[in-house]
Amino acid sequence: MTPPDTQKARFDRVMLKISGEALMGDQGYGLHPPTVERIAQEVKSVHDMGVEICMVIGGGNIFRGLQGSAQGMERTTADYMGMLATVMNALAMQSALERTGAFCRVISAIRMDEVAEPYIRRRAVRHLEKKRICIFAAGTGNPYFTTDTAATLRANEMACQAIFKGTKVDGVYDKDPVKHADAKRYERVSYDEVLAQHLGVMDASAIALARDNNLPIIVFSLDEPGGFRGIVSGEGTYTTVHA
């Protein structure tokens, strides 16, 4: 593998989508500060390559709207609570990133001016041009839409060249590799195959939006140290979802 100090990025601007569960570490709930710090260092290392970075973080480590709805809560209320959880995660990541020396802005689809900027596309683009990391929080601001859809929407609005989906595994498999030793990993897979085979990369609306705008999705393991930097350079193990 190429030494880190000589790796060159293949992208100028990317979207990094991670789940809220990625911030839990080995805990069953909430935030694990050392894990948040580790991910922040990964993001900073890619930012130092000159890559402009957008981020969307889920809220499942704190509250998941679908689970609340399944337990009898009204769906719209549950989804708004999930959006608030994403804001909490975004603020935690902003704090960790700023400790690394990176400049960062949390931009919320729901107005909460004391803790985050409102989403204004041109302002967000300007932050990226000024080499600030932008964390988009509160999903799309609408119930019934996941943070996967929010990440795809913002990636298109920000003219990102790819979505990087950080997961627990190093790509897209035909079945759960944790449960099935014979699971096959795809090097490349089409949007239509993901939808037809229910591969679970992102929800269907996010995949369809990426397909309609020809936006590639790169699925990789966020648990591997230096993995994000390597993948941005075209090295390591990952799956590309493409047209």
# chains A, B, ... in the order shown; residues from 1 in each chain; ligands from 1

$ residues_around --residues "stretch 134-148 of chain A" --least-positions-apart "6" --cutoff "7 Å" --atoms "only C-alpha atoms" --output "JSON, numbers by chain"
{"A": [53, 54, 55, 56, 58, 76, 79, 80, 83, 84, 86, 87, 90, 104, 105, 106, 107, 108, 109, 110, 128, 202, 203, 206]}

$ closest_atom_pairs --of "stretch 81-157 of chain A" --to "stretch 214-230 of chain A" --cutoff "12 Å" --atoms "only C-alpha atoms" --output "tab-separated table"
residue	atom	partner	partner_atom	distance
A:Asp148	CA	A:Ile217	CA	11.2
A:Ala151	CA	A:Ile217	CA	10.8
A:Thr152	CA	A:Leu215	CA	8.4
A:Leu153	CA	A:Leu215	CA	10.5
A:Arg154	CA	A:Leu215	CA	11.6
A:Ala155	CA	A:Leu215	CA	8.5
A:Asn156	CA	A:Leu215	CA	7.7
A:Glu157	CA	A:Leu215	CA	11.4

$ write_last_selection --atoms "N, CA, C and O atoms" --output "compact mmCIF listing (two decimals), in the first residue's frame"
# COMPACT_ATOMS: atom_id res chain seq x y z
N ASP A 148 -30.04 8.30 5.02
CA ASP A 148 -29.46 7.86 3.74
C ASP A 148 -29.95 8.76 2.61
O ASP A 148 -29.17 9.20 1.75
N ALA A 151 -28.37 12.17 2.94
CA ALA A 151 -26.98 12.19 2.47
C ALA A 151 -26.92 12.26 0.95
O ALA A 151 -26.11 13.01 0.38
N THR A 152 -27.78 11.50 0.28
CA THR A 152 -27.79 11.51 -1.18
C THR A 152 -28.28 12.85 -1.72
O THR A 152 -27.73 13.38 -2.69
N LEU A 153 -29.30 13.41 -1.08
CA LEU A 153 -29.81 14.71 -1.49
C LEU A 153 -28.74 15.79 -1.34
O LEU A 153 -28.47 16.56 -2.27
N ARG A 154 -28.12 15.86 -0.16
CA ARG A 154 -27.09 16.89 0.07
C ARG A 154 -25.87 16.66 -0.83
O ARG A 154 -25.26 17.63 -1.31
N ALA A 155 -25.53 15.42 -1.08
CA ALA A 155 -24.39 15.14 -1.96
C ALA A 155 -24.64 15.69 -3.36
O ALA A 155 -23.74 16.26 -3.99
N ASN A 156 -25.86 15.54 -3.84
CA ASN A 156 -26.21 16.10 -5.14
C ASN A 156 -26.22 17.62 -5.12
O ASN A 156 -25.71 18.28 -6.04
N GLU A 157 -26.80 18.19 -4.07
CA GLU A 157 -26.87 19.65 -3.97
C GLU A 157 -25.48 20.27 -3.87
O GLU A 157 -25.24 21.38 -4.37

$ closest_residue --among "A:Asn89, A:Gln67, A:Thr100, A:Asn61" --to "A:Gln41" --atoms "only C-alpha atoms"
A:Thr100

$ select_by_dssp --residues "stretch 20-208 of chain A" --states "helix (DSSP H, G or I)" --output "PyMOL selection string"
chain A and resi 20-23+33-47+65-70+75-99+121-129+147-157+191-197+204-208

$ closest_residue --among "A:Leu209, A:Ile18, A:Leu199, A:Ala85" --to "A:Tyr173" --atoms "only C-alpha atoms"
A:Leu199

$ select_by_dssp --residues "stretch 24-243 of chain A" --states "strand (DSSP E or B)" --output "PyMOL selection string"
chain A and resi 52-57+104-108+117-118+133-137+163-167+172-173+185-186+188-190+217-221+239-242

$ closest_residue --among "A:Arg38, A:Lys184, A:Arg111, A:Arg13" --to "A:Glu129" --atoms "only C-alpha atoms"
A:Arg13

$ closest_residue --among "A:Met93, A:Gly65, A:Tyr186, A:Phe11" --to "A:Thr35" --atoms "only C-alpha atoms"
A:Met93

$ residues_around --residues "A:Gly234" --least-positions-apart "6" --cutoff "9 Å" --atoms "only C-alpha atoms" --output "list in words"
Lys8, Ala9 and Arg10 of chain A

$ write_last_selection --atoms "all heavy atoms" --output "PDB file, in the first residue's frame"
ATOM      1  N   LYS A   8      -2.530  10.156  -2.944  1.00  0.00           N
ATOM      2  CA  LYS A   8      -3.205  11.267  -3.609  1.00  0.00           C
ATOM      3  C   LYS A   8      -4.687  10.942  -3.780  1.00  0.00           C
ATOM      4  O   LYS A   8      -5.050   9.840  -4.186  1.00  0.00           O
ATOM      5  CB  LYS A   8      -2.557  11.543  -4.965  1.00  0.00           C
ATOM      6  CG  LYS A   8      -1.123  12.063  -4.862  1.00  0.00           C
ATOM      7  CD  LYS A   8      -0.563  12.414  -6.225  1.00  0.00           C
ATOM      8  CE  LYS A   8       0.854  12.960  -6.095  1.00  0.00           C
ATOM      9  NZ  LYS A   8       1.434  13.313  -7.426  1.00  0.00           N
ATOM     10  N   ALA A   9      -5.519  11.918  -3.470  1.00  0.00           N
ATOM     11  CA  ALA A   9      -6.964  11.708  -3.536  1.00  0.00           C
ATOM     12  C   ALA A   9      -7.446  11.678  -4.986  1.00  0.00           C
ATOM     13  O   ALA A   9      -6.957  12.420  -5.839  1.00  0.00           O
ATOM     14  CB  ALA A   9      -7.682  12.806  -2.765  1.00  0.00           C
ATOM     15  N   ARG A  10      -8.432  10.805  -5.241  1.00  0.00           N
ATOM     16  CA  ARG A  10      -9.054  10.737  -6.566  1.00  0.00           C
ATOM     17  C   ARG A  10     -10.250  11.673  -6.671  1.00  0.00           C
ATOM     18  O   ARG A  10     -10.843  11.793  -7.744  1.00  0.00           O
ATOM     19  CB  ARG A  10      -9.527   9.307  -6.844  1.00  0.00           C
ATOM     20  CG  ARG A  10      -8.426   8.271  -6.906  1.00  0.00           C
ATOM     21  CD  ARG A  10      -9.015   6.922  -7.281  1.00  0.00           C
ATOM     22  NE  ARG A  10      -9.986   6.482  -6.275  1.00  0.00           N
ATOM     23  CZ  ARG A  10     -11.016   5.688  -6.532  1.00  0.00           C
ATOM     24  NH1 ARG A  10     -11.257   5.279  -7.771  1.00  0.00           N
ATOM     25  NH2 ARG A  10     -11.833   5.313  -5.560  1.00  0.00           N
TER      26      ARG A  10
END

$ closest_residue --among "A:Val43, A:Ala210, A:Leu195, A:Ile62" --to "A:Ile163" --atoms "only C-alpha atoms"
A:Ala210

$ closest_residue --among "A:Val46, A:Ala150, A:Ile133, A:Ala243" --to "A:Ile231" --atoms "only C-alpha atoms"
A:Val46

$ atom_distance --atom1 "atom CA of A:Ser233" --atom2 "atom CA of A:Ala162"
12.8 Å

$ closest_atom_pairs --of "stretch 158-207 of chain A" --to "stretch 22-30 of chain A" --cutoff "12 Å" --atoms "only C-alpha atoms" --output "tab-separated table"
residue	atom	partner	partner_atom	distance
A:Lys165	CA	A:Ala22	CA	11.3
A:Gly166	CA	A:Ala22	CA	8.5
A:Thr167	CA	A:Ala22	CA	7.6
A:Lys168	CA	A:Ala22	CA	7.9
A:Val169	CA	A:Ala22	CA	11.6

$ atom_distance --atom1 "atom CA of A:Gly50" --atom2 "atom CA of A:Gln94"
18.6 Å

$ atom_distance --atom1 "atom CA of A:Asp192" --atom2 "atom CA of A:Val241"
9.5 Å

$ residues_around --residues "A:Gly68" --least-positions-apart "3" --cutoff "10 Å" --atoms "only C-alpha atoms" --output "VMD selection string"
chain A and resid 63 to 65 71 to 75 77 to 79 81 to 82

$ decode --residues "stretch 180-223 of chain A" --atoms "C-alpha atoms" --output "CSV table (one decimal), in the first residue's frame"
chain,number,residue,atom,x,y,z
A,180,HIS,CA,-22.5,-16.6,6.5
A,181,ALA,CA,-18.9,-17.6,5.9
A,182,ASP,CA,-19.6,-18.2,2.2
A,183,ALA,CA,-20.9,-14.6,1.6
A,184,LYS,CA,-19.6,-13.1,-1.6
A,185,ARG,CA,-18.4,-9.5,-1.7
A,186,TYR,CA,-19.0,-7.5,-4.8
A,187,GLU,CA,-16.3,-5.4,-6.4
A,188,ARG,CA,-18.9,-3.4,-8.4
A,189,VAL,CA,-22.6,-3.6,-8.4
A,190,SER,CA,-25.3,-1.6,-10.2
A,191,TYR,CA,-28.0,0.5,-8.6
A,192,ASP,CA,-30.6,-1.7,-10.2
A,193,GLU,CA,-29.0,-4.9,-8.8
A,194,VAL,CA,-28.9,-3.3,-5.3
A,195,LEU,CA,-32.6,-2.6,-5.5
A,196,ALA,CA,-33.6,-5.9,-7.1
A,197,GLN,CA,-31.6,-8.0,-4.7
A,198,HIS,CA,-32.4,-5.9,-1.6
A,199,LEU,CA,-28.7,-5.7,-0.7
A,200,GLY,CA,-29.3,-3.1,2.0
A,201,VAL,CA,-26.6,-0.6,1.0
A,202,MET,CA,-29.0,2.3,1.5
A,203,ASP,CA,-32.8,2.6,1.5
A,204,ALA,CA,-34.5,2.4,-1.9
A,205,SER,CA,-35.2,6.1,-2.2
A,206,ALA,CA,-31.6,7.0,-1.6
A,207,ILE,CA,-30.4,4.4,-4.2
A,208,ALA,CA,-32.9,5.7,-6.7
A,209,LEU,CA,-31.9,9.3,-6.2
A,210,ALA,CA,-28.2,8.3,-6.6
A,211,ARG,CA,-29.0,6.4,-9.8
A,212,ASP,CA,-31.0,9.2,-11.3
A,213,ASN,CA,-28.1,11.6,-10.8
A,214,ASN,CA,-25.3,9.0,-11.6
A,215,LEU,CA,-23.7,9.5,-8.2
A,216,PRO,CA,-21.5,6.6,-7.3
A,217,ILE,CA,-21.7,5.1,-3.8
A,218,ILE,CA,-18.5,3.6,-2.3
A,219,VAL,CA,-19.1,1.2,0.6
A,220,PHE,CA,-16.1,0.5,2.9
A,221,SER,CA,-15.2,-0.4,6.4
A,222,LEU,CA,-14.9,2.5,8.8
A,223,ASP,CA,-13.3,0.3,11.5
